[in-house]
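The structure appears below as structure tokens.
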Amino acid sequence: VTGSYGKSAVKEILYTSALPHCRAAHSPRSFNSRLGIILSLIENTLGKSPELIITEAGIDGPGQADKVLRLFTGHLTGIITPITEEHDRNFPSHKDKVSEKLRMLENCDTIVYDSSDKDLVILLRQMQSRKKNLRLIPVDSNSINNESPTIYHALAKAALPDYYNSSVSVVSPRIGIRCCENGNMVVRDDFTPDLRSLRDVLDTARRQATPTRPCVAILGDILHHTMTLDEIYGLYASAFE
């Protein structure tokens, strides 16, 4: 499972749905770096014989996909959750970032994907022209209410229809990213309103900002501090510079 957000949610739906039907295993928490994937595979295969392993895979810069690609063999299904502009600045272009993510799925027989990213759709079609047996299953998140975890369920259902359980609940991530109309994006933090939480969500929001999509912060009261409000907001305003 790769993408910009929702990887852990899709992984948990798949794991919980498949567990009653087969010997399923999954990576713990958000272990999606190359090292995290290695540790997850060791943990789930050492002395065990799972029939299904579900893991996350994430990259944030060029040249990382090939190192992840070599970790996966066998019958593979790739799942691509919604892709945002996060980490775009680390690549020559958004399309280059998407291409790097797809490189991780080069050995997949089936790819289930959120079809809202135009570059992703184009690159997947090119990939299918090279790999005639590649099966592509699009899920249109534009027709789904992104304020609920429905998109995560839709991707999980398309990937494992025989095992999918619609009653599996998804714990919303602490920091939620929601795509809205006119290219807008809302980053919402549902955690404790303290200084550390504010720093984390401002950093997430800053990484989503682009020259055509400036960042606007709507802040509530900040708890657990000994600073004045002027000092607090002055300190964290630097996150947007």
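Quick note on naming: the chains in the structure tokens go A, B, ... in the order shown, residues restart at 1 in each chain, and ligands are numbered from 1 in order of appearance.
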List every residue of stretch 124-164 of chain A that DSSP, applied to the backbone of this structure, places in alpha helix (DSSP H), and write the result as a PyMOL selection string.
chain A and resi 124-130+150-159
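Those residues in stretch 81-171 of chain A carrying a DSSP assignment of strand (DSSP E), computed from the backbone, are Thr110, Ile111, Val112, Tyr113, Asp114, Arg135, Leu136, Ile137, Pro138 and Val139 of chain A.
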Output of the above residues as an mmCIF file, in the first residue's frame, restricted to C-alpha atoms:
data_model
loop_
_atom_site.group_PDB
_atom_site.id
_atom_site.type_symbol
_atom_site.label_atom_id
_atom_site.label_comp_id
_atom_site.auth_asym_id
_atom_site.auth_seq_id
_atom_site.Cartn_x
_atom_site.Cartn_y
_atom_site.Cartn_z
ATOM 1 C CA THR A 110 -2.778 -5.953 -10.051
ATOM 2 C CA ILE A 111 -2.847 -2.292 -9.043
ATOM 3 C CA VAL A 112 -5.833 -0.716 -7.311
ATOM 4 C CA TYR A 113 -5.610 3.060 -7.312
ATOM 5 C CA ASP A 114 -7.345 6.309 -6.489
ATOM 6 C CA ARG A 135 -4.639 -5.447 -14.217
ATOM 7 C CA LEU A 136 -5.671 -1.900 -13.271
ATOM 8 C CA ILE A 137 -8.637 -1.231 -10.970
ATOM 9 C CA PRO A 138 -9.504 2.477 -10.598
ATOM 10 C CA VAL A 139 -11.454 3.900 -7.666
#
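When atom CA of A:Ala154 is paired with atom CA of A:Ser141, their separation reads 8.7 Å.
Candidate residues A:Leu105, A:Cys180, A:Leu120, A:Ile13 were compared for distance to A:Ser143, and the nearest is A:Cys180, using only C-alpha atoms.
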